[in-house]
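Here's the structure we're looking at; comments come further down.
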Amino acid sequence: MNQAVARDNVKHIALIGNFLPRKCGLATFTTDTFNALKSRYPDLTVDVYAMDDHPGRYDYPDAVTGTIPQDDRAAYIATARAIEASGAEAIWVQHEYGIYGGAAGEHILALLDRTNLPLIVTLHTVLEKPSVQERAVMEALLRRASKVIVMAERGREILTRVHGINPRQIVNIPHGVPDRPFADPAVFKPNFGWAGRDVILTFGLLAPGKGIETVIEAMPAVVAQNPGAMYVVLGATHPNLVAHEGEKYRDSLKALARDLGVENNIAFLDAFVEQDELIDYLQAADIYVTPYLNPAQITSGTLSYAVGVGKAVISTPYVHATEILADGHGVLVDFRDAAAFAREINNLLGSERNRSRLSARAYERGRTMTWSRVAERAMNEISAIIDGRPQRIPTAGTVKPQAPDMAAVERMSDATGMLQHSIYSVPDRRHGYCIDDNARALILMSAMEDLDEVARDKWTTIYASFVQYAWNPDQRRFRNFMNFDRTWCEDAGSEDSNGRALWALGVTARDARSRKHRDWAVMMFDMTASLAFELGSPRAQSFAMLGAAAMLEASPGHQLAHSIVSRFPDEHMALLDVARRPNWVWFEIVLAYDNARLPEALIRAGQAIGRTDVVAAGLETLDWIIEQQKSPEGRFRAVGTESFGRPYGEPLPFDQQPLEAQATVEACCAAYAATGDAKWRTEAERAYGWYFGQNDLDLPLATLQDGGCFDGLMPTGLNRNQGAESILALQLSNCAISGLSKQAQGVAGMGRAVA
């Protein structure tokens, strides 16, 4: 791809990794990457999000747009929102184990799951034998990434063999190096007081595993032939090592040099040097050594830099070294082989011709690895993944009401009741059952017009039996969660689950097709509904009001139901008065789930007791919450779960769940029944269209072939599980919108919205 073409379609990216002044190789790499991008593409906006292991410690430069405290999961999610809002077109993540929080760094997945931007990942470590957690995180990262960068062909091989990744998803881009002229070491040596010395150099953060001991052990033999030789160990001790044991490791190396009698031929420079100074040190060296002990090391920035400036390199045969030094571009010796290091160092120091040839070959290879070349190759890949995004085709117009379909409900049900969760479309028995879903399923059995009566009787009885068995007379509460073995997880369920149970009983008493089920529901309501007076949650109270309003339709003189719908409206309107602000017309200072149920309950309760002020409050708050649930394009946008609990906060778009669309459809049906205003029909249809692709991602959640519904709309696409709540939300919405359509057409007796 032509470089100009690659650049033209990319204006703005987000870059995530460590960043200077944090002292580590990855921080240097990310900083160099940023500088290379800005140098090669001056008009490109690059927002840097720096991983922060000690918040407040580092004085980050202006290049850093934001920081992410390593162990603060909420900060990752907040960063995802910031990236989405920034206008960035792609995300480039530098991945290394240990820099991201959570088990094996899983917190980075929380960020990536909250944005649908194309992702490119540079892997700085690829493990042959990852732990269970490391594998899970890596494979989630690989699934999310459009492209994966490795810096050695061995990385590609491991990814395909260990993780089964498609090789075409992987691109090998070498570690970048500065573009410096080839130089004679003698020119730079006086700057460091090394004139006349033969300098062997190692640099990088000091830590066990770097193999420094091996070269120290080689020095007596080197000094015997080259008395002026000096081994320079340049680099601060790794900060994590200092935190745990101070300078114990450095002191042990110094002690080894003294014991071998070469302390005057070894210099320990304890410093974290900036890049320009570092390159000066490198150019002053005659030989560069990397005696690393880990054969699997796939990336070494220090080795890349040494090759980039044309150093004669002697290294152990770890993965990166075997690739970059192949074909005579360096010398390889065995791990921990001090004698071999001594032999090869003496050979190079003893032959300026051989050393110069090796340096020239290394420099030639380094020209293919300059940071500008790396930036160009990376931008080509980023450009390609942006161009390769699927084109969204928005759906338009009013969605035709779909006939309710029992297939997915039956798939999730057994002789006990309806199971809670699924893995894709397959019920997940590990999570058992809950009264919330069985109460909703019981409502659905009365709402479906064309259900076979034998099937209706069977499933109504099963779901009713679950609700009945959930009642705990000792606690005077319904239980909620049941294990798959039919043992209860608690003695009393949540307030919301108790409110939903009362709601289902009221609706069944009104709408059940069989007298036996209506009689049963009235009996259960009479026995249990007084618990409503002990409910403190506004939502639970709303659910109870919905049930009581339905009961009053079934039995207009029902005193207990009348008491429930009479008690709570004034309390809710008082809450509204307290929480209200000029731009906030709601009962609480936060948004949560099932929001539209609160205004719906006021509308239905107000109608039941003949209070127009209560109906008006319901209509006002419903109008407000509907406006909060509109995207800029005018589509329904369910209040995302990330919005929950944010005082007076604007709604956030993800994760959007089917329950919110159902609540809005049914609340608008109640408003239409109360007012006859076509506006509410329009809003119900808008929310209903969300299931069929009229949403932020233009993706349908309903699976029309089997009556299923996906669990949510995520920034990256669909949550493809199909749990009971989602399936029931779709089917109840189908019933409600069908009833609304018939009501609008003036079909007598078909206009009542299903609660």
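We name chains A, B, ... following the order of the structure tokens; residues begin at 1 in each chain, and ligands are numbered from 1 as shown.
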
Quiz item: Tell me, which residues of region 185-356 of chain A carry DSSP alpha helix (DSSP H), written as JSON, numbers by chain?
Solution: {"A": [185, 186, 187, 188, 212, 213, 214, 215, 216, 217, 218, 219, 220, 221, 222, 223, 224, 225, 239, 240, 241, 242, 243, 244, 245, 248, 249, 250, 251, 252, 253, 254, 255, 256, 257, 258, 259, 275, 276, 277, 278, 279, 280, 281, 282, 283, 301, 302, 303, 304, 305, 306, 307, 308, 319, 320, 321, 322, 323, 324, 338, 339, 340, 341, 342, 343, 344, 345, 346, 347, 348, 349, 352, 353, 354, 355, 356]}

Quiz prompt | In region 125-176 of chain A, DSSP strand (DSSP E or B) residues written as number ranges by chain | solution = A: 147-150, 170-172

Quiz item: Which of these residues is nearest to Ser146 (chain A), using only C-alpha atoms: A:Ile165, A:Ile385, A:Val426, A:Leu575?
Solution: A:Ile385

Practice problem: For Gln628 (chain A), list every protein, DNA or RNA residue within 10 Å, evaluated using only C-alpha atoms, and leave out those in the same chain fewer than 4 positions away; present the list as a ChimeraX atom specification. | Solution: /A:584,622-624,636-639,650-652

For the residues in the current selection, export N, CA, C and O atoms as a CSV table (one decimal), in the first residue's frame.
chain,number,residue,atom,x,y,z
A,584,TRP,N,-33.4,17.6,35.2
A,584,TRP,CA,-33.5,16.2,35.8
A,584,TRP,C,-34.9,16.1,36.4
A,584,TRP,O,-35.2,16.6,37.5
A,622,LEU,N,-42.2,9.9,32.3
A,622,LEU,CA,-42.0,9.1,31.1
A,622,LEU,C,-41.4,9.9,29.9
A,622,LEU,O,-40.5,9.4,29.2
A,623,ASP,N,-42.0,11.0,29.7
A,623,ASP,CA,-41.5,11.9,28.7
A,623,ASP,C,-40.0,12.2,28.9
A,623,ASP,O,-39.2,12.2,27.9
A,624,TRP,N,-39.6,12.5,30.1
A,624,TRP,CA,-38.2,12.8,30.4
A,624,TRP,C,-37.3,11.6,30.2
A,624,TRP,O,-36.2,11.7,29.5
A,636,PHE,N,-33.9,4.8,19.6
A,636,PHE,CA,-33.9,4.4,21.0
A,636,PHE,C,-32.5,3.9,21.4
A,636,PHE,O,-31.9,3.1,20.7
A,637,ARG,N,-32.1,4.4,22.5
A,637,ARG,CA,-30.8,4.0,23.1
A,637,ARG,C,-31.1,3.7,24.6
A,637,ARG,O,-31.2,4.6,25.4
A,638,ALA,N,-31.1,2.4,24.9
A,638,ALA,CA,-31.4,2.0,26.3
A,638,ALA,C,-30.3,2.5,27.2
A,638,ALA,O,-29.1,2.6,26.8
A,639,VAL,N,-30.7,3.0,28.3
A,639,VAL,CA,-29.8,3.5,29.3
A,639,VAL,C,-28.8,2.3,29.7
A,639,VAL,O,-29.2,1.3,30.1
A,650,GLU,N,-25.4,12.1,32.9
A,650,GLU,CA,-26.0,11.8,31.6
A,650,GLU,C,-25.9,10.3,31.3
A,650,GLU,O,-24.9,9.7,31.7
A,651,PRO,N,-26.9,9.8,30.7
A,651,PRO,CA,-26.8,8.3,30.5
A,651,PRO,C,-25.7,7.9,29.6
A,651,PRO,O,-25.3,8.7,28.6
A,652,LEU,N,-25.1,6.8,29.8
A,652,LEU,CA,-24.0,6.3,29.0
A,652,LEU,C,-24.6,5.2,28.1
A,652,LEU,O,-25.6,4.5,28.5

Quiz prompt | Selected residue, from A:Gly209, A:Arg513, A:Thr612, A:Glu588, that lies nearest to Val454 (chain A) when counting only C-alpha atoms | solution = A:Arg513

Would you tabulate, counting only C-alpha atoms, all residues of region 390-421 of chain A that have an atom at most 10 Å from an atom of region 456-469 of chain A, showing the closest pair of atoms and their distance in Å to one decimal, sorted by chain then ascending number, as CSV?
residue,atom,partner,partner_atom,distance
A:Met406,CA,A:Arg456,CA,9.8
A:Val409,CA,A:Trp459,CA,9.8
A:Glu410,CA,A:Trp459,CA,8.6
A:Ser413,CA,A:Trp459,CA,8.9
A:Asp414,CA,A:Ile462,CA,8.5
A:Ala415,CA,A:Ile462,CA,6.6
A:Thr416,CA,A:Ile462,CA,6.6
A:Gly417,CA,A:Tyr463,CA,5.5
A:Met418,CA,A:Tyr463,CA,7.5

Exercise. Using only C-alpha atoms, determine which residues lie at most 8 Å from region 58-72 of chain A, disregarding the query and same-chain residues fewer than 6 positions distant; provide the list as a ChimeraX atom specification.
Key: /A:19-22,47-52,79,99-102,107

Same residues, N, CA, C and O atoms, saved as a PDB file, in the first residue's frame:
ATOM      1  N   PHE A  19       4.698   4.794  29.716  1.00  0.00           N
ATOM      2  CA  PHE A  19       5.254   5.979  29.060  1.00  0.00           C
ATOM      3  C   PHE A  19       6.258   6.633  29.995  1.00  0.00           C
ATOM      4  O   PHE A  19       6.082   6.629  31.214  1.00  0.00           O
ATOM      5  N   LEU A  20       7.315   7.181  29.409  1.00  0.00           N
ATOM      6  CA  LEU A  20       8.297   7.917  30.209  1.00  0.00           C
ATOM      7  C   LEU A  20       7.626   9.122  30.869  1.00  0.00           C
ATOM      8  O   LEU A  20       6.707   9.697  30.297  1.00  0.00           O
ATOM      9  N   PRO A  21       8.003   9.451  32.094  1.00  0.00           N
ATOM     10  CA  PRO A  21       9.230   9.082  32.817  1.00  0.00           C
ATOM     11  C   PRO A  21       9.160   7.790  33.637  1.00  0.00           C
ATOM     12  O   PRO A  21      10.066   7.548  34.452  1.00  0.00           O
ATOM     13  N   ARG A  22       8.112   6.975  33.502  1.00  0.00           N
ATOM     14  CA  ARG A  22       8.142   5.673  34.150  1.00  0.00           C
ATOM     15  C   ARG A  22       9.341   4.910  33.606  1.00  0.00           C
ATOM     16  O   ARG A  22       9.585   4.899  32.394  1.00  0.00           O
ATOM     17  N   ASP A  47      -3.429  10.225  20.909  1.00  0.00           N
ATOM     18  CA  ASP A  47      -3.744  10.360  22.331  1.00  0.00           C
ATOM     19  C   ASP A  47      -3.070   9.222  23.089  1.00  0.00           C
ATOM     20  O   ASP A  47      -3.338   8.050  22.810  1.00  0.00           O
ATOM     21  N   VAL A  48      -2.216   9.583  24.034  1.00  0.00           N
ATOM     22  CA  VAL A  48      -1.506   8.578  24.827  1.00  0.00           C
ATOM     23  C   VAL A  48      -2.222   8.373  26.154  1.00  0.00           C
ATOM     24  O   VAL A  48      -2.510   9.342  26.873  1.00  0.00           O
ATOM     25  N   TYR A  49      -2.519   7.119  26.474  1.00  0.00           N
ATOM     26  CA  TYR A  49      -3.088   6.754  27.774  1.00  0.00           C
ATOM     27  C   TYR A  49      -2.052   5.882  28.477  1.00  0.00           C
ATOM     28  O   TYR A  49      -1.803   4.740  28.066  1.00  0.00           O
ATOM     29  N   ALA A  50      -1.425   6.461  29.493  1.00  0.00           N
ATOM     30  CA  ALA A  50      -0.282   5.827  30.143  1.00  0.00           C
ATOM     31  C   ALA A  50      -0.736   4.969  31.318  1.00  0.00           C
ATOM     32  O   ALA A  50      -1.489   5.429  32.179  1.00  0.00           O
ATOM     33  N   MET A  51      -0.268   3.731  31.364  1.00  0.00           N
ATOM     34  CA  MET A  51      -0.518   2.870  32.512  1.00  0.00           C
ATOM     35  C   MET A  51       0.308   3.378  33.688  1.00  0.00           C
ATOM     36  O   MET A  51       1.504   3.648  33.554  1.00  0.00           O
ATOM     37  N   ASP A  52      -0.347   3.452  34.846  1.00  0.00           N
ATOM     38  CA  ASP A  52       0.268   4.107  36.000  1.00  0.00           C
ATOM     39  C   ASP A  52       0.288   3.151  37.184  1.00  0.00           C
ATOM     40  O   ASP A  52      -0.751   2.840  37.763  1.00  0.00           O
ATOM     41  N   THR A  79     -11.705   5.297  30.786  1.00  0.00           N
ATOM     42  CA  THR A  79     -10.824   5.589  29.655  1.00  0.00           C
ATOM     43  C   THR A  79     -11.464   5.159  28.349  1.00  0.00           C
ATOM     44  O   THR A  79     -11.343   5.852  27.322  1.00  0.00           O
ATOM     45  N   ILE A  99       1.711  -5.192  33.454  1.00  0.00           N
ATOM     46  CA  ILE A  99       1.473  -3.742  33.463  1.00  0.00           C
ATOM     47  C   ILE A  99      -0.010  -3.409  33.579  1.00  0.00           C
ATOM     48  O   ILE A  99      -0.362  -2.270  33.887  1.00  0.00           O
ATOM     49  N   TYR A 100      -0.880  -4.391  33.314  1.00  0.00           N
ATOM     50  CA  TYR A 100      -2.319  -4.161  33.446  1.00  0.00           C
ATOM     51  C   TYR A 100      -2.829  -4.879  34.688  1.00  0.00           C
ATOM     52  O   TYR A 100      -2.325  -5.942  35.063  1.00  0.00           O
ATOM     53  N   GLY A 101      -3.836  -4.309  35.326  1.00  0.00           N
ATOM     54  CA  GLY A 101      -4.357  -4.861  36.566  1.00  0.00           C
ATOM     55  C   GLY A 101      -5.255  -6.060  36.340  1.00  0.00           C
ATOM     56  O   GLY A 101      -5.613  -6.409  35.215  1.00  0.00           O
ATOM     57  N   GLY A 102      -5.644  -6.698  37.468  1.00  0.00           N
ATOM     58  CA  GLY A 102      -6.495  -7.879  37.399  1.00  0.00           C
ATOM     59  C   GLY A 102      -5.682  -9.127  37.137  1.00  0.00           C
ATOM     60  O   GLY A 102      -4.472  -9.085  36.875  1.00  0.00           O
ATOM     61  N   HIS A 107      -7.845  -6.496  33.293  1.00  0.00           N
ATOM     62  CA  HIS A 107      -8.527  -5.198  33.295  1.00  0.00           C
ATOM     63  C   HIS A 107      -8.486  -4.508  31.924  1.00  0.00           C
ATOM     64  O   HIS A 107      -9.387  -3.735  31.596  1.00  0.00           O
TER      65      HIS A 107
END

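In terms of minimum interatomic distance to Arg180 (chain A), A:Ile279 ranks closest within A:Cys668, A:Ile279, A:Met551, A:Ala285, counting only C-alpha atoms.
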
Exercise. May I have the residues within 9 Å of Thr302 (chain A) as a VMD selection string, using only C-alpha atoms and disregarding those fewer than 5 positions away in the same chain?
Key: chain A and resid 25 202 to 204 290 307

Could those residues be written to a file, using N, CA and C atoms, as a compact mmCIF listing (two decimals), in the first residue's frame?
# COMPACT_ATOMS: atom_id res chain seq x y z
N GLY A 25 11.44 -0.71 30.07
CA GLY A 25 11.63 -0.82 28.64
C GLY A 25 10.38 -0.53 27.85
N THR A 202 26.78 -3.69 28.25
CA THR A 202 25.42 -4.21 28.42
C THR A 202 24.59 -3.08 28.99
N PHE A 203 23.37 -2.86 28.47
CA PHE A 203 22.53 -1.86 29.12
C PHE A 203 21.10 -2.38 29.25
N GLY A 204 20.38 -1.73 30.15
CA GLY A 204 19.00 -2.10 30.44
C GLY A 204 18.79 -2.18 31.94
N THR A 290 24.59 -9.41 25.10
CA THR A 290 23.32 -9.70 25.79
C THR A 290 23.37 -11.16 26.24
N VAL A 307 22.04 -3.23 17.47
CA VAL A 307 22.13 -3.53 16.05
C VAL A 307 21.89 -2.26 15.23

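Counting only C-alpha atoms, the residue from A:Ile149, A:Ala667, A:Ala736, A:Ala360 that sits nearest to Gln94 (chain A) is A:Ile149.
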
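One finds CA of Val233 (chain A) at 4.9 Å from CA of Phe268 (chain A).
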
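The nearest approach to Leu303 (chain A) among the residues A:His12, A:His175, A:His517, A:Arg429, with only C-alpha atoms taken into account, belongs to A:His175.
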
Quiz item: Given the choices A:Glu245, A:Asp32, A:Glu600, A:Glu274, which gets closest to Ala670 (chain A) if the distance is worked out from only C-alpha atoms?
Solution: A:Glu600

Quiz item: If you count only C-alpha atoms, which residues fall within 9 Å of region 434-447 of chain A, apart from same-chain ones fewer than 2 positions away, as JSON, numbers by chain?
Solution: {"A": [409, 417, 418, 419, 420, 431, 432, 449, 451, 456, 457, 459, 460, 461, 462, 463, 464, 466, 467, 470, 478, 479, 480, 481, 482, 483, 493, 496, 497, 498, 500, 501, 502, 503, 504, 505, 507, 508, 510, 511, 512, 513, 724, 725, 728, 729, 731, 732, 735, 736, 754, 755]}

Self-check item: Spatial neighbours of Arg343 (chain A), max dist 12 Å, only C-alpha atoms, sep filter under 2 positions, as a PyMOL selection string
Solution: chain A and resi 215+218-226+314+331-333+337-341+345-350

Export, as a PDB file, in the first residue's frame, the selected residues with C-alpha atoms.
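Now in selection_18.pdb:
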ATOM      1  CA  VAL A 215      30.123 -11.985  31.371  1.00  0.00           C
ATOM      2  CA  ALA A 218      34.365 -14.338  31.475  1.00  0.00           C
ATOM      3  CA  MET A 219      36.295 -11.170  32.294  1.00  0.00           C
ATOM      4  CA  PRO A 220      39.418 -12.759  33.895  1.00  0.00           C
ATOM      5  CA  ALA A 221      40.142 -14.575  30.600  1.00  0.00           C
ATOM      6  CA  VAL A 222      39.346 -11.420  28.602  1.00  0.00           C
ATOM      7  CA  VAL A 223      41.607  -9.249  30.760  1.00  0.00           C
ATOM      8  CA  ALA A 224      44.422 -11.797  30.474  1.00  0.00           C
ATOM      9  CA  GLN A 225      44.583 -11.147  26.709  1.00  0.00           C
ATOM     10  CA  ASN A 226      43.274  -7.565  26.689  1.00  0.00           C
ATOM     11  CA  ILE A 314      27.701 -11.340  21.126  1.00  0.00           C
ATOM     12  CA  VAL A 331      27.752 -13.972  17.247  1.00  0.00           C
ATOM     13  CA  LEU A 332      25.790 -16.501  19.333  1.00  0.00           C
ATOM     14  CA  VAL A 333      27.121 -18.498  22.293  1.00  0.00           C
ATOM     15  CA  ASP A 337      28.895 -20.292  28.908  1.00  0.00           C
ATOM     16  CA  ALA A 338      31.467 -17.866  30.345  1.00  0.00           C
ATOM     17  CA  ALA A 339      34.320 -19.521  28.455  1.00  0.00           C
ATOM     18  CA  ALA A 340      32.538 -19.019  25.133  1.00  0.00           C
ATOM     19  CA  PHE A 341      31.894 -15.359  25.927  1.00  0.00           C
ATOM     20  CA  ILE A 345      35.113 -11.270  23.028  1.00  0.00           C
ATOM     21  CA  ASN A 346      38.858 -11.887  22.673  1.00  0.00           C
ATOM     22  CA  ASN A 347      38.424 -12.876  19.012  1.00  0.00           C
ATOM     23  CA  LEU A 348      36.675  -9.602  18.201  1.00  0.00           C
ATOM     24  CA  LEU A 349      38.971  -7.430  20.296  1.00  0.00           C
ATOM     25  CA  GLY A 350      41.933  -9.128  18.659  1.00  0.00           C
TER      26      GLY A 350
END
